[in-house]
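S.K.: The following block contains the structure, expressed as structure tokens.
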Amino acid sequence: MQPDPFAHALISAGEFPECDRAAVYRVIETRRDVRDQFLPDPLPDDLVMRLLGAAHSAPSVGFMQPWNFILVRDPEIRQAAWSAFSRANDEAAEMFPEERRDIYRSLKLEGIRKAPLSICVTCDPDRAGPVVIGRTHDPRMDVYSTVCAVQNLWLAARAEGVGVGWVSIFHEEDLRALLGIPERIRIVAWLCVGYVDQLYREPELAVKGWRERLPLEDLVFTDRWGEC
Ligand SMILES: Cc1cc2c(cc1C)N(C[C@H](O)[C@H](O)[C@H](O)COP(=O)(O)O)c1[nH]c(=O)[nH]c(=O)c1N2
């Protein structure tokens, strides 16, 4: 057998010590979508860069790294984003059956003005040229990759005592115009980011009676769709 010419680039893949493993699961289980618990304190630049570094460590199709991060601190821009949310949210309420509209309207679904920082995460479909390893048969893989970056940021933020709330109740063109995002760039997420000192133990939508967590065993099939 030939020696691996890239052996110098390998690291040990052994398991982490028990306390490190427990911390990873604790971060995953206690991560929450934050709307109302944001504290006004500004986030230090080095902390924001750590969160972006976590996002930038995400897997991406063909190592495309299609993401960009627009840091939005300007209160006027955040106010305009909130206005765009508010218009879309009024439309959204009308889409639910009448008996659910009151509870929908009572839900807080954004923290755009309260969080000191918003991050708009975008996806550039042309980042790695027209043909990308792994995206040859499904172009959506670039957006999926960008979502992986969002999740990395969300988990790193939890470990740092920072809350993140994803807001998606927008007409895309409103955000595009507000932030000067070119047509060819996909808008993936508007994230509200700020320190928090409390989080709900369970998803807020469950706490407030909108929807329960599904039993995992109902979601796992064996060998064929629908077969447990
Ligand atoms: C793609 C996407 C888009 C949105 C969300 C999430 C994701 C993944 N979530 C957050 C969502 O409501 C939340 O994740 C679930 O309710 C589960 O709660 P935890 O995240 O576990 O706290 C979300 N929350 C909200 O208040 N307004 C929103 O517009 C959105 N949009």
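As shown in the structure tokens, the chain order sets the letters A, B, ...; within each chain, residues go from 1, and ligands are also counted from 1 in the order they appear.
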Using only C-alpha atoms and all ligand atoms, find each protein or nucleic acid residue lying at most 6 Å from ligand 1; present the set as a list in words.

M.R.: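 If we count only C-alpha atoms and all ligand atoms, the neighbours of ligand 1 turn out to be Arg32, Asp33, Leu109, Glu110, Trp166, Val167, Ser168, Ile169, Pro203, Glu204 and Leu205 of chain A.
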
S.K.: With N, CA, C and O atoms kept, could you save the residues just selected as a PDB file, in the first residue's frame?

M.R.:
```pdb
ATOM      1  N   ARG A  32     -32.229  28.395  21.870  1.00  0.00           N
ATOM      2  CA  ARG A  32     -33.612  28.811  21.659  1.00  0.00           C
ATOM      3  C   ARG A  32     -33.666  29.914  20.615  1.00  0.00           C
ATOM      4  O   ARG A  32     -32.692  30.627  20.401  1.00  0.00           O
ATOM      5  N   ASP A  33     -34.811  30.010  19.965  1.00  0.00           N
ATOM      6  CA  ASP A  33     -35.096  31.164  19.113  1.00  0.00           C
ATOM      7  C   ASP A  33     -35.544  32.295  20.035  1.00  0.00           C
ATOM      8  O   ASP A  33     -36.488  32.128  20.801  1.00  0.00           O
ATOM      9  N   LEU A 109     -42.882  37.489  17.243  1.00  0.00           N
ATOM     10  CA  LEU A 109     -42.169  36.720  16.220  1.00  0.00           C
ATOM     11  C   LEU A 109     -40.913  37.412  15.714  1.00  0.00           C
ATOM     12  O   LEU A 109     -40.378  37.038  14.663  1.00  0.00           O
ATOM     13  N   GLU A 110     -40.430  38.396  16.447  1.00  0.00           N
ATOM     14  CA  GLU A 110     -39.194  39.085  16.035  1.00  0.00           C
ATOM     15  C   GLU A 110     -38.645  39.897  17.198  1.00  0.00           C
ATOM     16  O   GLU A 110     -39.384  40.220  18.123  1.00  0.00           O
ATOM     17  N   TRP A 166     -34.366  34.098  14.477  1.00  0.00           N
ATOM     18  CA  TRP A 166     -34.463  34.093  12.999  1.00  0.00           C
ATOM     19  C   TRP A 166     -35.808  34.700  12.625  1.00  0.00           C
ATOM     20  O   TRP A 166     -36.859  34.219  13.075  1.00  0.00           O
ATOM     21  N   VAL A 167     -35.792  35.725  11.803  1.00  0.00           N
ATOM     22  CA  VAL A 167     -37.034  36.348  11.329  1.00  0.00           C
ATOM     23  C   VAL A 167     -37.133  36.119   9.823  1.00  0.00           C
ATOM     24  O   VAL A 167     -36.219  36.476   9.073  1.00  0.00           O
ATOM     25  N   SER A 168     -38.266  35.527   9.398  1.00  0.00           N
ATOM     26  CA  SER A 168     -38.426  35.228   7.974  1.00  0.00           C
ATOM     27  C   SER A 168     -39.746  35.759   7.427  1.00  0.00           C
ATOM     28  O   SER A 168     -40.135  35.419   6.317  1.00  0.00           O
ATOM     29  N   ILE A 169     -40.423  36.591   8.217  1.00  0.00           N
ATOM     30  CA  ILE A 169     -41.736  37.092   7.783  1.00  0.00           C
ATOM     31  C   ILE A 169     -41.503  38.443   7.086  1.00  0.00           C
ATOM     32  O   ILE A 169     -41.684  39.528   7.677  1.00  0.00           O
ATOM     33  N   PRO A 203     -39.161  25.329  23.334  1.00  0.00           N
ATOM     34  CA  PRO A 203     -39.492  26.325  22.299  1.00  0.00           C
ATOM     35  C   PRO A 203     -40.682  27.186  22.720  1.00  0.00           C
ATOM     36  O   PRO A 203     -41.676  26.672  23.247  1.00  0.00           O
ATOM     37  N   GLU A 204     -40.566  28.486  22.476  1.00  0.00           N
ATOM     38  CA  GLU A 204     -41.610  29.426  22.912  1.00  0.00           C
ATOM     39  C   GLU A 204     -42.967  29.075  22.281  1.00  0.00           C
ATOM     40  O   GLU A 204     -44.013  29.250  22.908  1.00  0.00           O
ATOM     41  N   LEU A 205     -42.937  28.558  21.054  1.00  0.00           N
ATOM     42  CA  LEU A 205     -44.207  28.217  20.398  1.00  0.00           C
ATOM     43  C   LEU A 205     -44.897  27.062  21.115  1.00  0.00           C
ATOM     44  O   LEU A 205     -46.131  26.953  21.090  1.00  0.00           O
TER      45      LEU A 205
END
```

S.K.: I'd like the contact shell of Asp124 of chain A - 9 Å cut-off, only C-alpha atoms, skipping same-chain residues fewer than 5 positions apart - returned as a PDB file with N, CA, C and O atoms, in the first residue's frame.

M.R.:
```pdb
ATOM      1  N   GLN A  65     -18.727  27.792   0.172  1.00  0.00           N
ATOM      2  CA  GLN A  65     -18.774  28.930   1.109  1.00  0.00           C
ATOM      3  C   GLN A  65     -19.575  30.087   0.514  1.00  0.00           C
ATOM      4  O   GLN A  65     -19.056  31.202   0.359  1.00  0.00           O
ATOM      5  N   PRO A  66     -20.837  29.834   0.180  1.00  0.00           N
ATOM      6  CA  PRO A  66     -21.589  30.820  -0.601  1.00  0.00           C
ATOM      7  C   PRO A  66     -22.114  32.006   0.205  1.00  0.00           C
ATOM      8  O   PRO A  66     -22.764  32.889  -0.346  1.00  0.00           O
ATOM      9  N   TRP A  67     -21.819  32.048   1.497  1.00  0.00           N
ATOM     10  CA  TRP A  67     -22.449  33.029   2.385  1.00  0.00           C
ATOM     11  C   TRP A  67     -21.781  34.388   2.389  1.00  0.00           C
ATOM     12  O   TRP A  67     -20.589  34.539   2.154  1.00  0.00           O
ATOM     13  N   ASN A  68     -22.587  35.395   2.698  1.00  0.00           N
ATOM     14  CA  ASN A  68     -22.111  36.712   3.150  1.00  0.00           C
ATOM     15  C   ASN A  68     -22.924  37.083   4.386  1.00  0.00           C
ATOM     16  O   ASN A  68     -24.026  36.579   4.574  1.00  0.00           O
ATOM     17  N   ASP A 142     -26.695  25.124  -2.437  1.00  0.00           N
ATOM     18  CA  ASP A 142     -25.992  26.317  -1.947  1.00  0.00           C
ATOM     19  C   ASP A 142     -26.747  26.966  -0.787  1.00  0.00           C
ATOM     20  O   ASP A 142     -26.152  27.379   0.213  1.00  0.00           O
ATOM     21  N   VAL A 143     -28.079  26.993  -0.892  1.00  0.00           N
ATOM     22  CA  VAL A 143     -28.876  27.558   0.204  1.00  0.00           C
ATOM     23  C   VAL A 143     -28.809  26.645   1.433  1.00  0.00           C
ATOM     24  O   VAL A 143     -28.677  27.124   2.566  1.00  0.00           O
ATOM     25  N   ARG A 184     -29.242  38.743  -7.995  1.00  0.00           N
ATOM     26  CA  ARG A 184     -28.754  37.366  -8.139  1.00  0.00           C
ATOM     27  C   ARG A 184     -28.414  36.714  -6.796  1.00  0.00           C
ATOM     28  O   ARG A 184     -28.209  35.506  -6.716  1.00  0.00           O
ATOM     29  N   ILE A 185     -28.377  37.506  -5.729  1.00  0.00           N
ATOM     30  CA  ILE A 185     -28.023  36.989  -4.395  1.00  0.00           C
ATOM     31  C   ILE A 185     -29.295  36.561  -3.669  1.00  0.00           C
ATOM     32  O   ILE A 185     -30.276  37.305  -3.641  1.00  0.00           O
ATOM     33  N   ARG A 186     -29.268  35.340  -3.066  1.00  0.00           N
ATOM     34  CA  ARG A 186     -30.430  34.872  -2.302  1.00  0.00           C
ATOM     35  C   ARG A 186     -30.343  35.373  -0.860  1.00  0.00           C
ATOM     36  O   ARG A 186     -29.271  35.345  -0.250  1.00  0.00           O
TER      37      ARG A 186
END
```

S.K.: In terms of the shortest atom-to-atom distance over only C-alpha atoms, which of A:Leu191, A:Val61, A:Cys120, A:Ala157 is closest to Tyr144 of chain A?

M.R.: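 Counting only C-alpha atoms, the residue closest to Tyr144 of chain A is A:Val61.
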
S.K.: Counting only C-alpha atoms, what is within 12 Å of Ser106 of chain A, bar same-chain residues fewer than 5 positions away, as a PyMOL selection string?

M.R.: chain A and resi 89-90+93+100-101+205+208-210

S.K.: I need the chosen residues saved as a compact mmCIF listing (two decimals), in the first residue's frame, with N, CA, C and O atoms.

M.R.:
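The resulting file, selection.txt, is shown below:
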```txt
# COMPACT_ATOMS: atom_id res chain seq x y z
N ASN A 89 -46.31 40.60 8.51
CA ASN A 89 -46.94 39.84 9.61
C ASN A 89 -48.45 40.04 9.64
O ASN A 89 -49.19 39.11 9.97
N ASP A 90 -48.92 41.24 9.27
CA ASP A 90 -50.38 41.46 9.17
C ASP A 90 -50.97 40.54 8.10
O ASP A 90 -52.04 39.96 8.29
N ALA A 93 -51.04 36.85 9.41
CA ALA A 93 -52.13 36.52 10.34
C ALA A 93 -53.38 36.08 9.58
O ALA A 93 -54.08 35.15 10.00
N ARG A 100 -57.35 30.54 14.84
CA ARG A 100 -55.96 30.62 15.32
C ARG A 100 -55.40 32.04 15.22
O ARG A 100 -54.29 32.30 15.66
N ARG A 101 -56.17 32.96 14.64
CA ARG A 101 -55.60 34.29 14.38
C ARG A 101 -55.28 35.07 15.65
O ARG A 101 -54.26 35.76 15.72
N LEU A 205 -42.94 28.56 21.05
CA LEU A 205 -44.21 28.22 20.40
C LEU A 205 -44.90 27.06 21.12
O LEU A 205 -46.13 26.95 21.09
N LYS A 208 -46.25 28.55 24.54
CA LYS A 208 -47.43 29.41 24.36
C LYS A 208 -48.59 28.69 23.66
O LYS A 208 -49.55 29.32 23.23
N GLY A 209 -48.48 27.36 23.55
CA GLY A 209 -49.61 26.57 23.10
C GLY A 209 -49.86 26.56 21.61
O GLY A 209 -50.95 26.20 21.15
N TRP A 210 -48.84 26.96 20.80
CA TRP A 210 -49.05 26.96 19.35
C TRP A 210 -48.84 25.58 18.75
O TRP A 210 -49.61 25.12 17.93
```

S.K.: Could you work out how far atom CA of Arg211 of chain A lies from atom CA of Ala92 of chain A, giving the answer in Å with one decimal?

M.R.: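 Computing the Euclidean distance for atom CA of Ala92 of chain A and atom CA of Arg211 of chain A yields 16.9 Å.
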
S.K.: Skip Phe63 of chain A itself and residues of its chain fewer than 2 positions away, then list as a list in words all residues within 12 Å of it, counting only C-alpha atoms.

M.R.: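 Within the cut-off, the hits are His56, Ser57, Ala58, Pro59, Ser60, Val61, Gln65, Pro66, Trp67, Arg127, Ala128, Gly129, Val132, Ile133, Gly134, Arg135, Met141, Asp142, Ser145 and Thr146 of chain A.
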
S.K.: Could you pull out the strand (DSSP E or B) residues of segment 167-199 of chain A, going by DSSP on the backbone, and write them as a list in words?

M.R.: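 Selection result, strand (DSSP E or B) within segment 167-199 of chain A: Val167, Arg186, Ile187, Val188, Ala189, Trp190, Leu191, Cys192, Val193, Gly194, Tyr195 and Val196 of chain A.
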
S.K.: Could the residues in this selection be saved with N, CA, C and O atoms as a CSV table (one decimal), in the first residue's frame?

M.R.:
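Saved result, part.csv, follows:
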```
chain,number,residue,atom,x,y,z
A,167,VAL,N,-35.8,35.7,11.8
A,167,VAL,CA,-37.0,36.3,11.3
A,167,VAL,C,-37.1,36.1,9.8
A,167,VAL,O,-36.2,36.5,9.1
A,186,ARG,N,-29.3,35.3,-3.1
A,186,ARG,CA,-30.4,34.9,-2.3
A,186,ARG,C,-30.3,35.4,-0.9
A,186,ARG,O,-29.3,35.3,-0.3
A,187,ILE,N,-31.5,35.8,-0.3
A,187,ILE,CA,-31.5,36.2,1.1
A,187,ILE,C,-32.0,35.0,1.9
A,187,ILE,O,-33.0,34.4,1.6
A,188,VAL,N,-31.1,34.5,2.8
A,188,VAL,CA,-31.4,33.3,3.5
A,188,VAL,C,-32.0,33.6,4.9
A,188,VAL,O,-33.0,32.9,5.3
A,189,ALA,N,-31.4,34.5,5.6
A,189,ALA,CA,-31.9,34.7,7.0
A,189,ALA,C,-31.7,36.2,7.5
A,189,ALA,O,-30.7,36.8,7.1
A,190,TRP,N,-32.6,36.6,8.3
A,190,TRP,CA,-32.4,37.8,9.1
A,190,TRP,C,-32.3,37.4,10.5
A,190,TRP,O,-33.3,36.8,11.0
A,191,LEU,N,-31.2,37.6,11.1
A,191,LEU,CA,-31.0,37.1,12.5
A,191,LEU,C,-30.9,38.3,13.4
A,191,LEU,O,-30.1,39.2,13.2
A,192,CYS,N,-31.7,38.3,14.5
A,192,CYS,CA,-31.5,39.2,15.6
A,192,CYS,C,-30.6,38.7,16.6
A,192,CYS,O,-30.7,37.5,17.0
A,193,VAL,N,-29.6,39.5,17.0
A,193,VAL,CA,-28.5,38.9,17.9
A,193,VAL,C,-28.3,39.9,19.0
A,193,VAL,O,-28.1,41.1,18.8
A,194,GLY,N,-28.2,39.3,20.2
A,194,GLY,CA,-27.9,40.2,21.4
A,194,GLY,C,-27.7,39.3,22.6
A,194,GLY,O,-28.1,38.1,22.7
A,195,TYR,N,-27.1,39.9,23.7
A,195,TYR,CA,-27.0,39.2,24.9
A,195,TYR,C,-28.4,38.9,25.5
A,195,TYR,O,-29.3,39.6,25.3
A,196,VAL,N,-28.5,37.8,26.2
A,196,VAL,CA,-29.7,37.4,26.9
A,196,VAL,C,-29.3,36.9,28.3
A,196,VAL,O,-28.2,36.4,28.5
```

S.K.: So that I can check the surroundings of Arg50 of chain A, please list as a compact mmCIF listing (two decimals) with all heavy atoms, in the first residue's frame every protein, DNA and RNA residue that reaches within 12 Å of it, counting only C-alpha atoms and ignoring chain neighbours fewer than 6 positions away.

M.R.:
```txt
# COMPACT_ATOMS: atom_id res chain seq x y z
N LEU A 43 -22.63 44.15 21.43
CA LEU A 43 -21.76 42.97 21.42
C LEU A 43 -20.37 43.39 20.99
O LEU A 43 -20.21 44.08 19.98
CB LEU A 43 -22.30 41.94 20.42
CG LEU A 43 -23.70 41.38 20.72
CD1 LEU A 43 -24.27 40.68 19.51
CD2 LEU A 43 -23.66 40.45 21.91
N PRO A 44 -19.33 42.96 21.74
CA PRO A 44 -17.96 43.32 21.34
C PRO A 44 -17.63 42.75 19.95
O PRO A 44 -18.11 41.67 19.59
CB PRO A 44 -17.09 42.66 22.41
CG PRO A 44 -18.00 42.24 23.51
CD PRO A 44 -19.38 42.15 22.97
N HIS A 56 -18.64 30.48 9.43
CA HIS A 56 -17.74 30.27 8.29
C HIS A 56 -17.06 28.89 8.33
O HIS A 56 -16.45 28.46 7.35
CB HIS A 56 -16.71 31.39 8.27
CG HIS A 56 -15.89 31.47 7.02
ND1 HIS A 56 -16.42 31.36 5.77
CD2 HIS A 56 -14.55 31.63 6.85
CE1 HIS A 56 -15.45 31.44 4.87
NE2 HIS A 56 -14.30 31.61 5.51
N SER A 57 -17.16 28.20 9.47
CA SER A 57 -16.62 26.83 9.57
C SER A 57 -17.63 25.78 9.13
O SER A 57 -17.35 24.58 9.22
CB SER A 57 -16.23 26.52 11.03
OG SER A 57 -15.29 27.45 11.48
N ASN A 152 -24.56 26.89 12.76
CA ASN A 152 -23.29 26.99 13.51
C ASN A 152 -23.25 28.26 14.34
O ASN A 152 -22.86 28.26 15.51
CB ASN A 152 -22.11 27.01 12.54
CG ASN A 152 -21.53 25.63 12.29
OD1 ASN A 152 -22.14 24.63 12.62
ND2 ASN A 152 -20.34 25.60 11.70
N LEU A 153 -23.65 29.37 13.72
CA LEU A 153 -23.65 30.66 14.44
C LEU A 153 -24.59 30.60 15.64
O LEU A 153 -24.28 31.06 16.73
CB LEU A 153 -24.06 31.76 13.46
CG LEU A 153 -24.04 33.20 13.96
CD1 LEU A 153 -23.80 34.16 12.79
CD2 LEU A 153 -25.30 33.62 14.69
N TRP A 154 -25.75 30.00 15.42
CA TRP A 154 -26.79 29.93 16.47
C TRP A 154 -26.27 29.15 17.68
O TRP A 154 -26.48 29.54 18.84
CB TRP A 154 -28.02 29.25 15.87
CG TRP A 154 -29.35 29.70 16.36
CD1 TRP A 154 -29.65 30.30 17.56
CD2 TRP A 154 -30.61 29.56 15.67
NE1 TRP A 154 -31.00 30.53 17.65
CE2 TRP A 154 -31.61 30.09 16.52
CE3 TRP A 154 -30.98 29.04 14.44
CZ2 TRP A 154 -32.97 30.11 16.15
CZ3 TRP A 154 -32.32 29.06 14.08
CH2 TRP A 154 -33.30 29.60 14.92
N LEU A 155 -25.58 28.03 17.41
CA LEU A 155 -25.06 27.20 18.50
C LEU A 155 -23.89 27.88 19.21
O LEU A 155 -23.80 27.88 20.44
CB LEU A 155 -24.64 25.83 17.96
CG LEU A 155 -25.81 24.96 17.46
CD1 LEU A 155 -25.28 23.70 16.78
CD2 LEU A 155 -26.75 24.59 18.60
N ALA A 156 -23.00 28.49 18.44
CA ALA A 156 -21.87 29.20 19.05
C ALA A 156 -22.40 30.33 19.92
O ALA A 156 -21.89 30.58 21.03
CB ALA A 156 -20.94 29.74 17.96
N ALA A 157 -23.43 31.01 19.44
CA ALA A 157 -24.02 32.11 20.22
C ALA A 157 -24.55 31.59 21.55
O ALA A 157 -24.35 32.21 22.61
CB ALA A 157 -25.13 32.78 19.41
N ALA A 159 -23.48 29.14 23.28
CA ALA A 159 -22.34 28.88 24.17
C ALA A 159 -21.77 30.17 24.74
O ALA A 159 -21.18 30.18 25.81
CB ALA A 159 -21.26 28.11 23.40
N GLU A 160 -21.97 31.29 24.01
CA GLU A 160 -21.43 32.59 24.44
C GLU A 160 -22.42 33.40 25.27
O GLU A 160 -22.16 34.56 25.59
CB GLU A 160 -21.04 33.42 23.20
CG GLU A 160 -19.99 32.80 22.30
CD GLU A 160 -18.57 33.25 22.64
OE1 GLU A 160 -18.37 33.90 23.69
OE2 GLU A 160 -17.66 32.94 21.85
N VAL A 162 -25.28 34.41 24.14
CA VAL A 162 -25.86 35.36 23.18
C VAL A 162 -27.09 34.70 22.56
O VAL A 162 -27.04 33.53 22.18
CB VAL A 162 -24.82 35.73 22.10
CG1 VAL A 162 -25.46 36.51 20.95
CG2 VAL A 162 -23.67 36.52 22.72
```

S.K.: For atom CA of Phe170 of chain A and atom CA of Arg78 of chain A, determine how far apart the two atoms are, in Å to one decimal place.

M.R.: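 Distance reported for this atom pair: 13.0 Å.
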
S.K.: Near Glu217 of chain A, counting only C-alpha atoms, which residues have an atom at most 12 Å away, once you skip same-chain residues fewer than 3 positions from it, shown as a PyMOL selection string?

M.R.: chain A and resi 213-214+220-222+226-228

S.K.: Keeping only N, CA, C and O atoms, write the selected residues to a file as a compact mmCIF listing (two decimals), in the first residue's frame.

M.R.:
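Saved file part05.txt follows:
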```
# COMPACT_ATOMS: atom_id res chain seq x y z
N ARG A 213 -43.61 19.72 20.46
CA ARG A 213 -42.55 18.95 19.82
C ARG A 213 -43.07 17.55 19.49
O ARG A 213 -43.75 16.93 20.29
N LEU A 214 -42.75 17.06 18.28
CA LEU A 214 -43.23 15.75 17.85
C LEU A 214 -42.36 14.66 18.48
O LEU A 214 -41.16 14.87 18.69
N VAL A 220 -38.88 8.57 12.57
CA VAL A 220 -37.78 7.71 12.12
C VAL A 220 -38.35 6.50 11.39
O VAL A 220 -39.18 5.78 11.95
N PHE A 221 -37.95 6.32 10.15
CA PHE A 221 -38.38 5.16 9.37
C PHE A 221 -37.19 4.21 9.23
O PHE A 221 -36.03 4.62 9.39
N THR A 222 -37.51 2.96 8.91
CA THR A 222 -36.44 1.99 8.66
C THR A 222 -36.56 1.48 7.23
O THR A 222 -37.61 0.94 6.85
N GLY A 226 -42.17 5.64 5.61
CA GLY A 226 -43.41 5.27 6.28
C GLY A 226 -43.31 4.01 7.10
O GLY A 226 -44.26 3.65 7.81
N GLU A 227 -42.17 3.30 7.01
CA GLU A 227 -42.07 2.03 7.75
C GLU A 227 -41.22 2.20 9.00
O GLU A 227 -40.08 2.64 8.92
N CYS A 228 -41.83 1.87 10.13
CA CYS A 228 -41.10 2.05 11.39
C CYS A 228 -40.28 0.81 11.74
O CYS A 228 -40.51 -0.24 11.24
```

S.K.: Excluding Leu178 of chain A and any residue of its chain fewer than 5 positions from it, enumerate the residues within 12 Å of it, using only C-alpha atoms, and give them as a list of chain:residue names.

M.R.: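 That gives A:Ile70, A:Val72, A:Asp74, A:Glu76, A:Ile77, A:Arg78, A:Gln79, A:Ala80, A:Ala81, A:Trp82, A:Ser83, A:Ala84, A:Cys120, A:Phe170, A:His171, A:Glu172, A:Glu173.
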
S.K.: For all heavy atoms, I'd like the residues from the last selection saved as a CSV table (one decimal), in the first residue's frame.

M.R.:
```csv
chain,number,residue,atom,x,y,z
A,70,ILE,N,-24.3,40.5,6.4
A,70,ILE,CA,-24.4,41.9,6.5
A,70,ILE,C,-24.7,42.3,7.9
A,70,ILE,O,-25.8,41.9,8.4
A,70,ILE,CB,-25.5,42.4,5.5
A,70,ILE,CG1,-25.3,41.9,4.1
A,70,ILE,CG2,-25.6,44.0,5.5
A,70,ILE,CD1,-26.5,42.2,3.2
A,72,VAL,N,-26.0,44.6,10.6
A,72,VAL,CA,-26.9,45.8,10.6
A,72,VAL,C,-27.0,46.3,12.0
A,72,VAL,O,-27.7,45.6,12.8
A,72,VAL,CB,-28.3,45.4,10.0
A,72,VAL,CG1,-29.2,46.6,9.9
A,72,VAL,CG2,-28.2,44.7,8.6
A,74,ASP,N,-27.4,49.9,12.5
A,74,ASP,CA,-28.0,51.2,12.3
A,74,ASP,C,-29.5,51.1,12.8
A,74,ASP,O,-30.3,50.4,12.1
A,74,ASP,CB,-27.9,51.6,10.9
A,74,ASP,CG,-28.5,53.0,10.6
A,74,ASP,OD1,-29.4,53.5,11.4
A,74,ASP,OD2,-28.1,53.6,9.6
A,76,GLU,N,-32.0,53.0,12.4
A,76,GLU,CA,-32.9,53.4,11.3
A,76,GLU,C,-33.2,52.3,10.3
A,76,GLU,O,-34.3,52.0,9.9
A,76,GLU,CB,-32.4,54.6,10.6
A,76,GLU,CG,-32.7,55.9,11.3
A,76,GLU,CD,-32.2,57.1,10.5
A,76,GLU,OE1,-32.3,57.1,9.3
A,76,GLU,OE2,-31.9,58.1,11.2
A,77,ILE,N,-32.1,51.5,10.0
A,77,ILE,CA,-32.3,50.4,9.1
A,77,ILE,C,-33.1,49.3,9.8
A,77,ILE,O,-34.0,48.7,9.2
A,77,ILE,CB,-31.0,49.9,8.6
A,77,ILE,CG1,-30.2,51.0,7.8
A,77,ILE,CG2,-31.2,48.7,7.7
A,77,ILE,CD1,-28.9,50.6,7.3
A,78,ARG,N,-32.8,49.1,11.1
A,78,ARG,CA,-33.5,48.1,11.8
A,78,ARG,C,-35.0,48.5,12.0
A,78,ARG,O,-35.9,47.6,11.9
A,78,ARG,CB,-32.9,47.8,13.2
A,78,ARG,CG,-31.6,47.0,13.0
A,78,ARG,CD,-31.0,46.5,14.3
A,78,ARG,NE,-30.4,47.6,15.1
A,78,ARG,CZ,-30.8,47.9,16.3
A,78,ARG,NH1,-31.8,47.3,16.9
A,78,ARG,NH2,-30.2,48.9,16.9
A,79,GLN,N,-35.3,49.8,12.1
A,79,GLN,CA,-36.7,50.2,12.2
A,79,GLN,C,-37.4,50.0,10.9
A,79,GLN,O,-38.5,49.5,10.9
A,79,GLN,CB,-36.7,51.7,12.6
A,79,GLN,CG,-38.0,52.4,12.5
A,79,GLN,CD,-39.0,51.8,13.6
A,79,GLN,OE1,-38.5,51.6,14.8
A,79,GLN,NE2,-40.2,51.6,13.3
A,80,ALA,N,-36.7,50.2,9.8
A,80,ALA,CA,-37.3,50.0,8.5
A,80,ALA,C,-37.5,48.5,8.2
A,80,ALA,O,-38.6,48.1,7.7
A,80,ALA,CB,-36.4,50.6,7.4
A,81,ALA,N,-36.6,47.7,8.7
A,81,ALA,CA,-36.8,46.2,8.6
A,81,ALA,C,-38.0,45.8,9.4
A,81,ALA,O,-38.8,45.0,9.0
A,81,ALA,CB,-35.5,45.5,9.1
A,82,TRP,N,-38.1,46.4,10.6
A,82,TRP,CA,-39.3,46.0,11.5
A,82,TRP,C,-40.6,46.4,10.8
A,82,TRP,O,-41.6,45.7,10.8
A,82,TRP,CB,-39.2,46.8,12.8
A,82,TRP,CG,-40.4,46.4,13.7
A,82,TRP,CD1,-40.5,45.3,14.4
A,82,TRP,CD2,-41.6,47.2,13.8
A,82,TRP,NE1,-41.8,45.3,15.0
A,82,TRP,CE2,-42.4,46.4,14.6
A,82,TRP,CE3,-42.0,48.4,13.2
A,82,TRP,CZ2,-43.7,46.9,15.0
A,82,TRP,CZ3,-43.3,48.8,13.6
A,82,TRP,CH2,-44.1,48.1,14.4
A,83,SER,N,-40.6,47.6,10.1
A,83,SER,CA,-41.8,48.0,9.4
A,83,SER,C,-42.2,47.0,8.3
A,83,SER,O,-43.3,46.7,8.1
A,83,SER,CB,-41.6,49.4,8.8
A,83,SER,OG,-41.4,50.4,9.8
A,84,ALA,N,-41.1,46.5,7.6
A,84,ALA,CA,-41.4,45.5,6.5
A,84,ALA,C,-41.9,44.2,7.2
A,84,ALA,O,-42.8,43.6,6.6
A,84,ALA,CB,-40.1,45.2,5.8
A,120,CYS,N,-27.9,39.9,8.4
A,120,CYS,CA,-28.6,39.4,7.2
A,120,CYS,C,-27.6,38.4,6.5
A,120,CYS,O,-26.5,38.8,6.1
A,120,CYS,CB,-29.1,40.5,6.3
A,120,CYS,SG,-30.0,39.9,4.9
A,170,PHE,N,-41.0,38.3,5.9
A,170,PHE,CA,-40.7,39.5,5.0
A,170,PHE,C,-41.1,39.2,3.6
A,170,PHE,O,-41.1,38.1,3.2
A,170,PHE,CB,-39.2,39.8,5.0
A,170,PHE,CG,-38.6,40.2,6.3
A,170,PHE,CD1,-37.7,39.3,6.9
A,170,PHE,CD2,-38.8,41.4,6.8
A,170,PHE,CE1,-37.0,39.7,8.1
A,170,PHE,CE2,-38.2,41.8,8.0
A,170,PHE,CZ,-37.3,41.0,8.6
A,171,HIS,N,-41.4,40.3,2.8
A,171,HIS,CA,-41.3,40.2,1.4
A,171,HIS,C,-39.8,40.4,1.1
A,171,HIS,O,-39.2,41.4,1.5
A,171,HIS,CB,-42.1,41.3,0.7
A,171,HIS,CG,-43.6,41.0,0.8
A,171,HIS,ND1,-44.2,40.1,0.0
A,171,HIS,CD2,-44.5,41.6,1.6
A,171,HIS,CE1,-45.5,40.1,0.3
A,171,HIS,NE2,-45.7,41.0,1.3
A,172,GLU,N,-39.2,39.4,0.4
A,172,GLU,CA,-37.8,39.4,0.1
A,172,GLU,C,-37.4,40.8,-0.5
A,172,GLU,O,-36.3,41.3,-0.2
A,172,GLU,CB,-37.4,38.3,-0.8
A,172,GLU,CG,-35.9,38.1,-0.9
A,172,GLU,CD,-35.5,37.0,-1.9
A,172,GLU,OE1,-35.9,37.1,-3.1
A,172,GLU,OE2,-34.9,36.0,-1.5
A,173,GLU,N,-38.2,41.3,-1.4
A,173,GLU,CA,-37.8,42.5,-2.1
A,173,GLU,C,-37.7,43.7,-1.2
A,173,GLU,O,-36.9,44.7,-1.4
A,173,GLU,CB,-38.7,42.8,-3.3
A,173,GLU,CG,-40.2,43.0,-3.0
A,173,GLU,CD,-41.0,41.7,-3.1
A,173,GLU,OE1,-40.4,40.6,-2.9
A,173,GLU,OE2,-42.2,41.7,-3.3
```
